[in-house]
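Take a look at the structure below.
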Amino acid sequence: MSLLVTWLDALIALLALIFVPFVVPPLRRALVSRPLLAGFRKVMPRMSQTERDALEAGTVGWDGELFSGRPAWESLLAVPRTPLTAEEQHFLDHEVETLCAMVTDWETTNVHKDLPPEVWRYIKENGFLGMIIPKEYGGLGFSAYAHSQVITKLSTRSGTVAVTVLVPNSLGPGELLLNYGTDEQKRHYLPRLARGQDIPCFALTSPQAGSDAASIPDWGVVCWGQHEGKRVLGLRVTWDKRYITLGPVATLLGLAFHAYDPEHLVGDRDDLGITCALIPTSHPGVAIGRRHMPLNAVFQNGPNSGRDVFIPMDWVIGGAPMLGKGWRMLMECLAAGRGISLPSSNTGMAKLTVRATGAYARVRTQFKTPIGRFEGIEEALTRMGGNLYVMDAARALTATIVDRGEKPAVLSGIAKLHITGRNREVINDAMDIAGGKGICMGPSNFLGAAYMQMPVSITVEGANILTRSLIVFGQGAIRCHPYVLREMAATQERDRAKALRDFDAALFGHLRFVARNFLRTLFLGVTGSHFVRVPRGVAPQTRRYYQQLTRFSSSLALMADVAMGSLGGALKRKEKLSARLGDVLSQLYLCSATLWRFEQEGRQEADAPLMHWAIWDAMYKAQNAIEGVLANFPNPLLGTLMRRVVFPLGRPYVVPSDELGHDVARLLIEPSPTRDRLTAGMFIGDPDQPVGLLERALAAAIAAEPIERKLKDAVRFGGLDGRLAPGEGDAELAARAVARGVITESEAAALATQRELAARVVRVDDFAQDLGTSLFEPSAQELPSSTPTWAAKPASARRAVA
Ligand SMILES: Cc1cc2nc3c(=O)[nH]c(=O)nc-3n(C[C@H](O)[C@H](O)[C@H](O)COP(=O)(O)OP(=O)(O)OC[C@H]3O[C@@H](n4cnc5c(N)ncnc54)[C@H](O)[C@@H]3O)c2cc1C
């Protein structure tokens, strides 16, 4: 007995020795936190100012919830989509509609190689270039959501118009002035930009610095110089930029360069850092005007340069106090802007593609069947519909978040990356469905230009590979994590006592967070997340999704901590790991947007297949990303242990079912309120232009189907001789059917209309031999007026085949 007591005493003493330092704060700090902080200080690379600016730019919102392991779904669902004001709606229904009707991509590209002068005039006079500029400066003062709606609609018509309008409303002089300009700069430039008196561009990219834009070699040296006859303080700037959108026609050049002050004319630092200035392009020394040709798109884009160009200090955006603050300014503006421009333009392109291709798949028949009914095509249509549903959801949610005053750096990166990425999938699928019709260029091709220009969206505003590999998780894990940024800040803190206090609080909060996520992940894995609380009042068919997504969130939080804890700074170089963890976060955001959209749109039962497909697809992708992390974890033992916690009973998620896919595909090949909601806000236009024509042909195809069935039945059961003489076709057979009373005159007319419209849709343009001089006058090949399609082949042909 006494031996047992001695052993128990020893055990208690040992446990006390282990735990007391953790529960008694002064001891804990002295024995645990201090040595750990010293160790971290040694291994943590010192953060450069540009890295710090990028990390600190923007705000954390729903991304923080997704990283928390326990997202507060109610808070997301309570966010209403930004309503459009009457004025914004009027603008969409009138000015935007008119602008769309004024252009065709084919003419813009091949005839004018630019927007026609009257279109430029219309854009300027109607305030398209000043949508984000407040009314007090003469702009339209639109919400982010309204701005997004405008760009989306324009993109359903013409990429060139959309890019021309989106650039001045995106990261550039307007936004930089609004956020950082001096009052004088705002008063001078904003009304001119709003009225289109000035055309802006923004030049950051140099031949040597593309993705690594913080390393631009362009420089400016603070010095005295002459300006308008006076000796003033300013900068002598040298630059060489390329790829600058609107550059060749810009009158106002926003320029980013690295500023130096070797003579200490404005302070005591030599190296001031990246600086943004506004330079009228008429200023002596500015070389501008030549053009690039970005994948045959004719929006204005080109290089510009200058050597030793003197600019006065008040041309720096925000004046002398903002010297060297350019990178932070750009990162902050990008945090919001990236979530609007490309997500909107790509959603617009996808709306056009889905609506037109769905119609084409019903109108185009092969093997006597609309191609949209073949399972192979159906699979591609399913992906197109599901992708578009998610893309539009993420676009609308991100714009709404911006309207709530947030600058969502991580979520806008996800929106840009995934909406452009999914749009590429949509367009690739559409090209496969359209076959030669998508390949032969000409005014009747509704797809080829988008296919060609897709890589532009992938490359600009943060190229997608870089965004996926470095930004989404790299920035997300640090920004959104409740403790990591605080720990990092503590390691950089100069005041030692404060550093220890902050570090200790963050570290032990962090450990509790990890322990909770570990236990929750394991519990959710073992119980299949069935016991997770579901937010109140959600659509019954979505209840399980909230539980499953909470499980993903918990797994992500755990894996992120294990990755950061075991790899530290080396995680930055493990891009594949970082990309996959980012994929989990991204899919969670896309699912959040999908569920939010479904609720916002009043839980439309008819749209449910799109919502279900989108969620299953995203959950499967998230599961694959997790599997990629676990299978390739640098420490295999940790990878194996994490697998036991994350997937204790195996991997539960599967691809969306074929049955569900069938339901989605069907929604694309016939008119319905769901199809209208999926492509809402799209420009349809003239009934004789490609999209309008497809709409008519689709309606005609659907109207013709029961009539065709009557004819087929009559032929099959002997009520009608289906054999055709050489040269006869559907028209002759229809005439016989009318004579036999199988169909009525008006049904025969409906068939004839359907044949005529289908033939027009299927046509492609052809050109004269030299292509060059006569490119603009296509002569679409004419089909014989009566082409046998579904009817029995002529008897002579059948004999020949035999
Ligand atoms: C049509 C068009 C319009 C543009 N408009 C403007 C404009 O108005 N103003 C402006 O300043 N710029 C503009 N740009 C420039 C654009 O922002 C850059 O093209 C972009 O930043 C990528 O730079 P890059 O083309 O030099 O590619 P690179 O930087 O050479 O990148 C090549 C590839 O490497 C990848 N990569 C690079 N670093 C990493 C990394 N660390 N990890 C993983 N992958 C990486 C990239 O993702 C990309 O896939 C425009 C470009 C184009 C094509």
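Naming works like this for the structure tokens: A, B, ... for the chains as they're shown, residue 1 at the start of each chain, ligands 1 onward in shown order.
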Using only C-alpha atoms and all ligand atoms, what does the table of chain A residues within 6 Å of ligand 1 look like, with each row giving the shortest atom pair and its distance in Å to one decimal, sorted by chain and ascending number, as JSON lines?
{"residue": "A:Phe202", "atom": "CA", "partner": "ligand 1", "partner_atom_place_in_ligand_line": "9 (N)", "distance": 5.1}
{"residue": "A:Ala203", "atom": "CA", "partner": "ligand 1", "partner_atom_place_in_ligand_line": "11 (O)", "distance": 4.1}
{"residue": "A:Leu204", "atom": "CA", "partner": "ligand 1", "partner_atom_place_in_ligand_line": "11 (O)", "distance": 3.4}
{"residue": "A:Thr205", "atom": "CA", "partner": "ligand 1", "partner_atom_place_in_ligand_line": "11 (O)", "distance": 3.9}
{"residue": "A:Gly210", "atom": "CA", "partner": "ligand 1", "partner_atom_place_in_ligand_line": "23 (O)", "distance": 3.3}
{"residue": "A:Ser211", "atom": "CA", "partner": "ligand 1", "partner_atom_place_in_ligand_line": "29 (O)", "distance": 3.6}
{"residue": "A:Tyr243", "atom": "CA", "partner": "ligand 1", "partner_atom_place_in_ligand_line": "50 (C)", "distance": 4.5}
{"residue": "A:Ile244", "atom": "CA", "partner": "ligand 1", "partner_atom_place_in_ligand_line": "8 (O)", "distance": 3.9}
{"residue": "A:Thr245", "atom": "CA", "partner": "ligand 1", "partner_atom_place_in_ligand_line": "8 (O)", "distance": 3.9}
{"residue": "A:Pro294", "atom": "CA", "partner": "ligand 1", "partner_atom_place_in_ligand_line": "1 (C)", "distance": 5.3}
{"residue": "A:Val456", "atom": "CA", "partner": "ligand 1", "partner_atom_place_in_ligand_line": "1 (C)", "distance": 5.2}
{"residue": "A:Thr459", "atom": "CA", "partner": "ligand 1", "partner_atom_place_in_ligand_line": "20 (C)", "distance": 5.4}
{"residue": "A:Val460", "atom": "CA", "partner": "ligand 1", "partner_atom_place_in_ligand_line": "17 (O)", "distance": 4.1}
{"residue": "A:Glu461", "atom": "CA", "partner": "ligand 1", "partner_atom_place_in_ligand_line": "17 (O)", "distance": 5.0}
{"residue": "A:Gly462", "atom": "CA", "partner": "ligand 1", "partner_atom_place_in_ligand_line": "21 (O)", "distance": 5.4}
{"residue": "A:Ala463", "atom": "CA", "partner": "ligand 1", "partner_atom_place_in_ligand_line": "47 (O)", "distance": 4.2}
{"residue": "A:Asn464", "atom": "CA", "partner": "ligand 1", "partner_atom_place_in_ligand_line": "47 (O)", "distance": 5.3}
{"residue": "A:Ile465", "atom": "CA", "partner": "ligand 1", "partner_atom_place_in_ligand_line": "47 (O)", "distance": 4.0}
{"residue": "A:Leu466", "atom": "CA", "partner": "ligand 1", "partner_atom_place_in_ligand_line": "47 (O)", "distance": 3.9}
{"residue": "A:Ser469", "atom": "CA", "partner": "ligand 1", "partner_atom_place_in_ligand_line": "43 (C)", "distance": 5.6}
8 Å contact set for Gly661 in chain A, only C-alpha atoms, chain neighbours under 3 positions out, as a PyMOL selection string = chain A and resi 378-379+382+609+613+656-658+664-665
Test item: residues at most 10 Å from range 575-578 of chain A, only C-alpha atoms, excluding those fewer than 3 positions along its chain, as a PyMOL selection string | chain A and resi 465-466+468-474+477+560+563-564+570-572+581-583+625-626+628-630+632-634
Write out as a PyMOL selection string each polymer residue whose atoms come within 10 Å of Glu695 in chain A, counting only C-alpha atoms; drop sequence neighbours fewer than 2 positions from it.
-> chain A and resi 355-356+358-360+363+670-671+684+687-688+690-693+697-701+757
Minimum-distance residue to Glu87 in chain A, chosen among A:Arg242, A:Gly141, A:Arg763, A:Leu660 (using only C-alpha atoms) =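 Smallest separation from Glu87 in chain A among the options: A:Gly141.
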